[in-house]
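For reference, the structure is listed below as structure tokens.
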Amino acid sequence: MTRLRNALEGLAAEAPLVSLADAAIEGHRRRRRATLVLGTVATVVAMVVVTTAGAVIAWPRTDQTATQKRTDTVPDLPSGKVGPISHAFQTPCEFDEAARTADCSAVEWRVVTRSGETYRVPDALVSTRTDQQAPLAISRDGRMLAYYERRAQTFVVHKLESGNRTVASVTVKEDRIGIGAMLAVSDDGRYVAFDPREGSKEPGLLIDLANTETVSIPGKYEVISIKNRVAELIRYRKTDLWLMPVTGGGKPVRFDGVFIHFSELSPDGRTVAAVEFSDANKRGFGRLTLLDAKTGRTLRKVTVRGLPKNGAVDGTSLWPSRSEVLVTVNDKGHMYSYAVDVTTGRAKRWADYSNVHRAALVLPGVS
């Protein structure tokens with residue numbers, strides 16, 4: 001099922017008096033938080049699980065960035081030149097059903113380049129001391145990697161082409177990283193945008209790494225991406241989109257309807273792809289909505305053709321061309337990207353992430 005449908009099925013008993021639109025968006029957020037928790041369960045959170053054999057497995061919470069305990073031979077991300085990143089992921093916990101234990105001490109962030117090399121990122125915080133999953137971000141072109149470093153007590157941008165690292169001069173306390181925290185990084189690596197807790201009123205922060213300047217982001221907005229010195233911010237329920245310059249300013253635009261799964265801004269500088277909540281409340285929904293980010297108008301609906309029979313669209317992301325937008329698809333637990341031609345609706349396979357747990361997967365360009 002899609003995130004929204006799962007959430008809506010549990011809403012009637014919890015909030016029968018709220019509007020359907022509000023329920024849908026809160027359900028989307030709750031489902032996303034649940035997905036993030038599942039990812040953390042697969043990595044570092046103190047939880048218990050029941051195995052297929054019925055045994056209960058318990059494991060202690062772990063305090064870590066990444067450890068050297070893992071015994072495989074994956075190398076650390078080198079300080080020299082590395083090709084663009086295809087995706088990042090967190091390694092899973094190691095389960096021992098016979099001993100009814102799970103060891104999450106070696107969970108770490110890893111990146112995979114477009115040419116197929118895999119590297120550990122030992123400096124990237126995996127989880128906080130209160131067991132919140134720490135965010136990680138990849139620039140749109142895959143050449144910048146941003147993450148939180150515990151030693152620095154702030155965010156770091158690693159430039160893959162040179163190996164240089166830029167540490168933000170602004171301290172961000174680790175305890176600000178809450179459930180569903182999001183991070184975005186610009187293509188030049190100069191700006192990072194941090195949303196400390198999804199769905200909360202706690203303000204976010206846009207940091208200029210070239211100096212000490214910061215811009216506060218109202219807590220009711222969530223960070224989608226940073227592109228061409230503009231941060232794309234979304235306020236759900238209403239729904240508002242704010243294309244905020246990295247120096248601040250601008251004003252939101254309101255859409256006529258409620259939408260989720262927003263893409264970055266298209267190459268035309270004004271179109272975004274999203275999913276209307278009524279469409280998302282369908283298994284494997286096959287329709288995108290193109291919206292005008294300048295006026296709020298609905299431009300057109302696009303029926304998507306060519307997705308897997310059992311695949312459900314999990315989100316939208318980058319525009320590889322003026323006529324194509326990428327969507328992520330969950331096909332029975334296996335994750336893929338498809339490029340959808342927004343003029344014809346035809347989808348074609350773009351990338352395969354089927355060996356990565358969906359909640360531990362990070363793709364370029366969108367938080």
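Residue numbering restarts at 1 in every chain; chains get A, B, ... in the order shown in the structure tokens, and ligands count up from 1 in that same order.
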**OP:** Can you list, as a PyMOL selection string, all residues belonging to stretch 59-283 of chain A that DSSP tags as helix (DSSP H, G or I)?
**Re:** chain A and resi 174-176+277-280
For the structure I just gave you, how does DSSP split stretch 45-243 of chain A - specifically, which residues are strand (DSSP E)? Reply as a short mmCIF file (atom, residue, chain, number, x, y, z; two decimals) with N, CA, C and O atoms, in the first residue's frame.
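Everything below was put into states-v7.cif:
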data_model
loop_
_atom_site.label_atom_id
_atom_site.label_comp_id
_atom_site.auth_asym_id
_atom_site.auth_seq_id
_atom_site.Cartn_x
_atom_site.Cartn_y
_atom_site.Cartn_z
N VAL A 48 12.11 -4.51 20.34
CA VAL A 48 12.05 -5.96 20.30
C VAL A 48 11.30 -6.33 19.04
O VAL A 48 10.43 -5.61 18.59
N VAL A 49 11.65 -7.48 18.45
CA VAL A 49 10.95 -7.96 17.26
C VAL A 49 10.65 -9.43 17.44
O VAL A 49 11.28 -10.14 18.21
N VAL A 50 9.67 -9.91 16.65
CA VAL A 50 9.33 -11.31 16.64
C VAL A 50 9.80 -11.89 15.32
O VAL A 50 9.45 -11.38 14.26
N VAL A 56 11.28 -13.85 20.29
CA VAL A 56 11.41 -12.42 20.53
C VAL A 56 12.88 -12.06 20.59
O VAL A 56 13.65 -12.66 21.32
N ILE A 57 13.26 -11.05 19.78
CA ILE A 57 14.65 -10.59 19.76
C ILE A 57 14.70 -9.20 20.35
O ILE A 57 13.94 -8.33 19.96
N ALA A 58 15.58 -8.97 21.29
CA ALA A 58 15.74 -7.65 21.88
C ALA A 58 17.16 -7.18 21.68
O ALA A 58 18.08 -7.97 21.63
N ILE A 85 27.67 10.22 -6.69
CA ILE A 85 26.95 9.22 -5.90
C ILE A 85 25.60 8.90 -6.52
O ILE A 85 24.85 9.80 -6.90
N SER A 86 25.29 7.63 -6.60
CA SER A 86 23.98 7.17 -7.06
C SER A 86 22.97 7.19 -5.93
O SER A 86 21.83 7.65 -6.09
N HIS A 87 23.38 6.70 -4.76
CA HIS A 87 22.48 6.67 -3.60
C HIS A 87 23.29 6.37 -2.35
O HIS A 87 24.46 5.99 -2.42
N ALA A 88 22.65 6.55 -1.22
CA ALA A 88 23.25 6.21 0.08
C ALA A 88 22.27 5.32 0.84
O ALA A 88 21.07 5.32 0.57
N PHE A 89 22.80 4.57 1.79
CA PHE A 89 21.93 3.70 2.57
C PHE A 89 22.57 3.39 3.91
O PHE A 89 23.77 3.57 4.11
N GLN A 90 21.75 2.96 4.85
CA GLN A 90 22.25 2.48 6.13
C GLN A 90 22.28 0.96 6.11
O GLN A 90 21.34 0.31 5.63
N GLU A 94 22.52 -6.87 12.67
CA GLU A 94 22.83 -8.28 12.49
C GLU A 94 22.03 -9.11 13.50
O GLU A 94 22.13 -8.89 14.70
N PHE A 95 21.22 -10.03 12.99
CA PHE A 95 20.30 -10.79 13.84
C PHE A 95 20.81 -12.21 14.09
O PHE A 95 21.35 -12.84 13.19
N ASP A 96 20.62 -12.65 15.30
CA ASP A 96 20.95 -14.03 15.66
C ASP A 96 19.69 -14.62 16.29
O ASP A 96 19.41 -14.43 17.48
N THR A 101 18.96 -12.44 19.79
CA THR A 101 19.59 -11.14 19.97
C THR A 101 19.77 -10.46 18.61
O THR A 101 19.75 -11.12 17.57
N ALA A 102 19.95 -9.18 18.66
CA ALA A 102 20.28 -8.40 17.47
C ALA A 102 21.36 -7.41 17.83
O ALA A 102 21.29 -6.74 18.85
N ASP A 103 22.38 -7.33 17.00
CA ASP A 103 23.49 -6.42 17.23
C ASP A 103 23.45 -5.29 16.21
O ASP A 103 23.59 -5.52 15.01
N TRP A 109 26.43 4.50 7.71
CA TRP A 109 26.05 5.04 6.41
C TRP A 109 27.06 4.57 5.36
O TRP A 109 28.26 4.55 5.59
N ARG A 110 26.54 4.23 4.18
CA ARG A 110 27.38 3.90 3.04
C ARG A 110 26.85 4.62 1.80
O ARG A 110 25.65 4.92 1.71
N VAL A 111 27.74 4.90 0.86
CA VAL A 111 27.35 5.50 -0.40
C VAL A 111 27.77 4.60 -1.54
O VAL A 111 28.75 3.86 -1.44
N VAL A 112 27.00 4.67 -2.62
CA VAL A 112 27.29 3.89 -3.83
C VAL A 112 27.43 4.87 -4.98
O VAL A 112 26.55 5.71 -5.21
N THR A 113 28.54 4.81 -5.70
CA THR A 113 28.75 5.70 -6.83
C THR A 113 28.00 5.19 -8.06
O THR A 113 27.56 4.04 -8.11
N THR A 118 31.24 1.04 -3.64
CA THR A 118 30.58 1.29 -2.36
C THR A 118 31.62 1.70 -1.33
O THR A 118 32.69 1.09 -1.24
N TYR A 119 31.29 2.74 -0.56
CA TYR A 119 32.20 3.25 0.46
C TYR A 119 31.45 3.47 1.77
O TYR A 119 30.28 3.85 1.79
N ARG A 120 32.17 3.24 2.87
CA ARG A 120 31.67 3.58 4.20
C ARG A 120 31.84 5.08 4.42
O ARG A 120 32.75 5.71 3.89
N LEU A 136 20.93 12.44 6.19
CA LEU A 136 22.05 12.55 5.28
C LEU A 136 21.47 13.02 3.95
O LEU A 136 20.33 12.69 3.61
N ALA A 137 22.24 13.81 3.18
CA ALA A 137 21.72 14.35 1.93
C ALA A 137 22.77 14.26 0.83
O ALA A 137 23.98 14.34 1.09
N ILE A 138 22.30 14.12 -0.41
CA ILE A 138 23.14 14.08 -1.59
C ILE A 138 22.66 15.18 -2.54
O ILE A 138 21.45 15.36 -2.72
N MET A 144 28.02 16.16 -4.08
CA MET A 144 28.13 16.68 -2.73
C MET A 144 27.39 15.74 -1.76
O MET A 144 26.28 15.29 -2.05
N LEU A 145 28.03 15.47 -0.64
CA LEU A 145 27.45 14.63 0.39
C LEU A 145 27.41 15.42 1.69
O LEU A 145 28.44 15.93 2.14
N ALA A 146 26.24 15.54 2.29
CA ALA A 146 26.10 16.30 3.54
C ALA A 146 25.61 15.38 4.64
O ALA A 146 24.74 14.52 4.42
N TYR A 147 26.16 15.56 5.83
CA TYR A 147 25.76 14.73 6.97
C TYR A 147 26.13 15.44 8.27
O TYR A 147 26.84 16.46 8.27
N TYR A 148 25.62 14.89 9.37
CA TYR A 148 25.93 15.45 10.68
C TYR A 148 27.13 14.71 11.27
O TYR A 148 27.17 13.47 11.26
N GLU A 149 28.10 15.48 11.79
CA GLU A 149 29.27 14.88 12.43
C GLU A 149 29.25 15.21 13.91
O GLU A 149 29.22 16.38 14.30
N THR A 154 27.95 19.69 14.17
CA THR A 154 27.27 20.43 13.11
C THR A 154 27.30 19.60 11.83
O THR A 154 27.73 18.44 11.83
N PHE A 155 26.89 20.23 10.75
CA PHE A 155 26.84 19.54 9.46
C PHE A 155 28.13 19.75 8.67
O PHE A 155 28.79 20.78 8.77
N VAL A 156 28.45 18.72 7.88
CA VAL A 156 29.65 18.72 7.07
C VAL A 156 29.24 18.43 5.63
O VAL A 156 28.35 17.61 5.38
N VAL A 157 29.88 19.10 4.68
CA VAL A 157 29.68 18.80 3.27
C VAL A 157 30.99 18.25 2.70
O VAL A 157 32.03 18.91 2.77
N HIS A 158 30.91 17.05 2.17
CA HIS A 158 32.07 16.38 1.56
C HIS A 158 31.94 16.52 0.05
O HIS A 158 30.97 16.06 -0.56
N LYS A 159 32.93 17.15 -0.57
CA LYS A 159 32.94 17.35 -2.02
C LYS A 159 33.65 16.16 -2.67
O LYS A 159 34.86 15.96 -2.48
N ARG A 165 36.41 18.70 2.63
CA ARG A 165 35.25 18.75 3.52
C ARG A 165 35.10 20.17 4.05
O ARG A 165 36.07 20.79 4.47
N THR A 166 33.86 20.65 4.05
CA THR A 166 33.56 21.96 4.61
C THR A 166 32.67 21.76 5.82
O THR A 166 31.60 21.14 5.73
N VAL A 167 33.13 22.27 6.97
CA VAL A 167 32.39 22.13 8.22
C VAL A 167 31.65 23.44 8.47
O VAL A 167 32.24 24.52 8.43
N MET A 182 15.08 16.13 8.38
CA MET A 182 15.40 16.16 6.95
C MET A 182 16.57 17.10 6.68
O MET A 182 16.78 18.06 7.41
N LEU A 183 17.28 16.81 5.59
CA LEU A 183 18.45 17.60 5.22
C LEU A 183 18.50 17.70 3.70
O LEU A 183 18.18 16.74 3.00
N ALA A 184 18.88 18.87 3.21
CA ALA A 184 19.09 19.07 1.77
C ALA A 184 20.38 19.84 1.58
O ALA A 184 20.77 20.65 2.43
N VAL A 185 21.05 19.61 0.45
CA VAL A 185 22.31 20.30 0.16
C VAL A 185 22.27 20.80 -1.28
O VAL A 185 21.73 20.14 -2.18
N TYR A 191 25.24 25.51 0.55
CA TYR A 191 24.08 25.66 1.43
C TYR A 191 23.54 24.29 1.86
O TYR A 191 23.45 23.35 1.06
N VAL A 192 23.17 24.20 3.13
CA VAL A 192 22.42 23.05 3.62
C VAL A 192 21.18 23.57 4.33
O VAL A 192 21.22 24.62 4.98
N ALA A 193 20.09 22.85 4.18
CA ALA A 193 18.84 23.19 4.86
C ALA A 193 18.46 22.03 5.76
O ALA A 193 18.42 20.88 5.32
N PHE A 194 18.17 22.34 7.01
CA PHE A 194 17.92 21.32 8.03
C PHE A 194 16.53 21.53 8.62
O PHE A 194 16.19 22.62 9.08
N ASP A 195 15.72 20.48 8.56
CA ASP A 195 14.41 20.46 9.21
C ASP A 195 14.53 19.51 10.39
O ASP A 195 14.68 18.31 10.21
N GLY A 204 13.23 25.35 11.18
CA GLY A 204 14.39 24.77 10.55
C GLY A 204 15.46 25.82 10.34
O GLY A 204 15.34 26.97 10.79
N LEU A 205 16.52 25.44 9.62
CA LEU A 205 17.66 26.32 9.49
C LEU A 205 18.32 26.12 8.13
O LEU A 205 18.58 24.99 7.73
N LEU A 206 18.56 27.23 7.42
CA LEU A 206 19.34 27.18 6.20
C LEU A 206 20.69 27.82 6.49
O LEU A 206 20.75 28.96 6.96
N ILE A 207 21.76 27.08 6.25
CA ILE A 207 23.11 27.51 6.63
C ILE A 207 23.92 27.79 5.37
O ILE A 207 23.98 26.96 4.46
N ASP A 208 24.56 28.95 5.34
CA ASP A 208 25.52 29.29 4.29
C ASP A 208 26.90 28.89 4.80
O ASP A 208 27.44 29.52 5.71
N THR A 214 22.88 32.53 8.54
CA THR A 214 21.83 31.52 8.57
C THR A 214 20.48 32.20 8.31
O THR A 214 20.32 33.39 8.55
N VAL A 215 19.54 31.42 7.82
CA VAL A 215 18.17 31.89 7.61
C VAL A 215 17.24 30.91 8.31
O VAL A 215 17.33 29.70 8.08
N SER A 216 16.37 31.42 9.15
CA SER A 216 15.42 30.56 9.85
C SER A 216 14.28 30.16 8.91
O SER A 216 13.80 30.97 8.10
N ILE A 217 13.88 28.90 9.00
CA ILE A 217 12.77 28.38 8.20
C ILE A 217 11.61 28.09 9.15
O ILE A 217 11.77 27.30 10.09
N GLU A 222 8.37 22.21 5.38
CA GLU A 222 9.33 21.12 5.28
C GLU A 222 10.21 21.31 4.05
O GLU A 222 9.74 21.76 3.00
N VAL A 223 11.46 20.97 4.19
CA VAL A 223 12.45 21.18 3.12
C VAL A 223 12.32 20.08 2.07
O VAL A 223 12.32 18.89 2.40
N ILE A 224 12.25 20.48 0.81
CA ILE A 224 12.24 19.51 -0.29
C ILE A 224 13.60 19.47 -0.97
O ILE A 224 14.21 18.41 -1.12
N SER A 225 14.10 20.63 -1.41
CA SER A 225 15.37 20.65 -2.14
C SER A 225 15.94 22.06 -2.14
O SER A 225 15.26 23.03 -1.75
N ILE A 226 17.21 22.18 -2.57
CA ILE A 226 17.84 23.47 -2.83
C ILE A 226 18.37 23.43 -4.25
O ILE A 226 19.18 22.57 -4.60
N LYS A 227 17.90 24.37 -5.07
CA LYS A 227 18.26 24.37 -6.49
C LYS A 227 18.39 25.81 -6.97
O LYS A 227 17.48 26.63 -6.75
N VAL A 230 17.76 28.58 -4.49
CA VAL A 230 16.38 28.68 -4.00
C VAL A 230 16.03 27.40 -3.25
O VAL A 230 16.26 26.30 -3.76
N ALA A 231 15.51 27.55 -2.03
CA ALA A 231 15.06 26.40 -1.25
C ALA A 231 13.56 26.18 -1.48
O ALA A 231 12.77 27.12 -1.37
N GLU A 232 13.22 24.96 -1.84
CA GLU A 232 11.81 24.61 -2.04
C GLU A 232 11.25 24.09 -0.72
O GLU A 232 11.72 23.09 -0.18
N LEU A 233 10.24 24.78 -0.21
CA LEU A 233 9.63 24.45 1.08
C LEU A 233 8.14 24.16 0.87
O LEU A 233 7.47 24.82 0.08
N ILE A 234 7.63 23.18 1.62
CA ILE A 234 6.23 22.79 1.50
C ILE A 234 5.54 22.89 2.85
O ILE A 234 6.08 22.43 3.86
N ARG A 235 4.38 23.48 2.85
CA ARG A 235 3.50 23.44 4.02
C ARG A 235 2.32 22.55 3.65
O ARG A 235 1.57 22.86 2.72
N ASP A 240 0.73 24.79 0.70
CA ASP A 240 1.53 25.93 0.25
C ASP A 240 2.89 25.46 -0.23
O ASP A 240 3.46 24.52 0.32
N LEU A 241 3.42 26.16 -1.24
CA LEU A 241 4.78 25.96 -1.69
C LEU A 241 5.49 27.31 -1.64
O LEU A 241 4.98 28.32 -2.13
N TRP A 242 6.66 27.32 -1.05
CA TRP A 242 7.44 28.55 -0.90
C TRP A 242 8.80 28.34 -1.53
O TRP A 242 9.57 27.50 -1.10
N LEU A 243 9.06 29.09 -2.60
CA LEU A 243 10.38 29.09 -3.23
C LEU A 243 11.16 30.22 -2.58
O LEU A 243 11.10 31.37 -3.00
#
Subject >> Residue contacts of A:Thr212 (10 Å, only C-alpha atoms) excluding same-chain residues fewer than 5 positions away, as a ChimeraX atom specification >> reply: /A:168-170,207
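When atom CA of A:Thr298 is paired with atom CA of A:Gly250, their separation reads 20.7 Å.
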For A:Val342, list every protein, DNA or RNA residue within 7 Å, evaluated using only C-alpha atoms, and leave out those in the same chain fewer than 2 positions away; present the list as a compact mmCIF listing (two decimals) with C-alpha atoms, in the first residue's frame.
# COMPACT_ATOMS: atom_id res chain seq x y z
CA VAL A 302 -0.66 12.82 -16.04
CA SER A 323 9.83 16.45 -20.06
CA GLU A 324 10.72 13.75 -17.52
CA VAL A 340 8.01 9.44 -16.33
CA THR A 344 2.84 10.98 -22.61
CA GLY A 345 2.77 9.39 -19.14
**OP:** Give the answer as one residue: which of A:Glu161, A:Asp175, A:Glu108, A:Glu264 has the shortest atom-to-atom distance to A:Thr130, using only C-alpha atoms?
**Re:** A:Asp175
**OP:** Report the distance between atom CA of A:Ile179 and atom CA of A:Pro196 in Å, rounded to one decimal place.
**Re:** 7.8 Å
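A straight line drawn from atom CA of A:Phe262 to atom CA of A:His357 is 21.6 Å long.
Closest approach to A:Cys104 among A:Pro92, A:Gly249, A:Gly296, A:Pro135: A:Pro92, based on only C-alpha atoms.
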Subject >> Contacts of A:Thr271 within 7 Å, only C-alpha atoms, excl. fewer than 3 positions in-chain, as a PyMOL selection string >> reply: chain A and resi 265-266+268+290-293
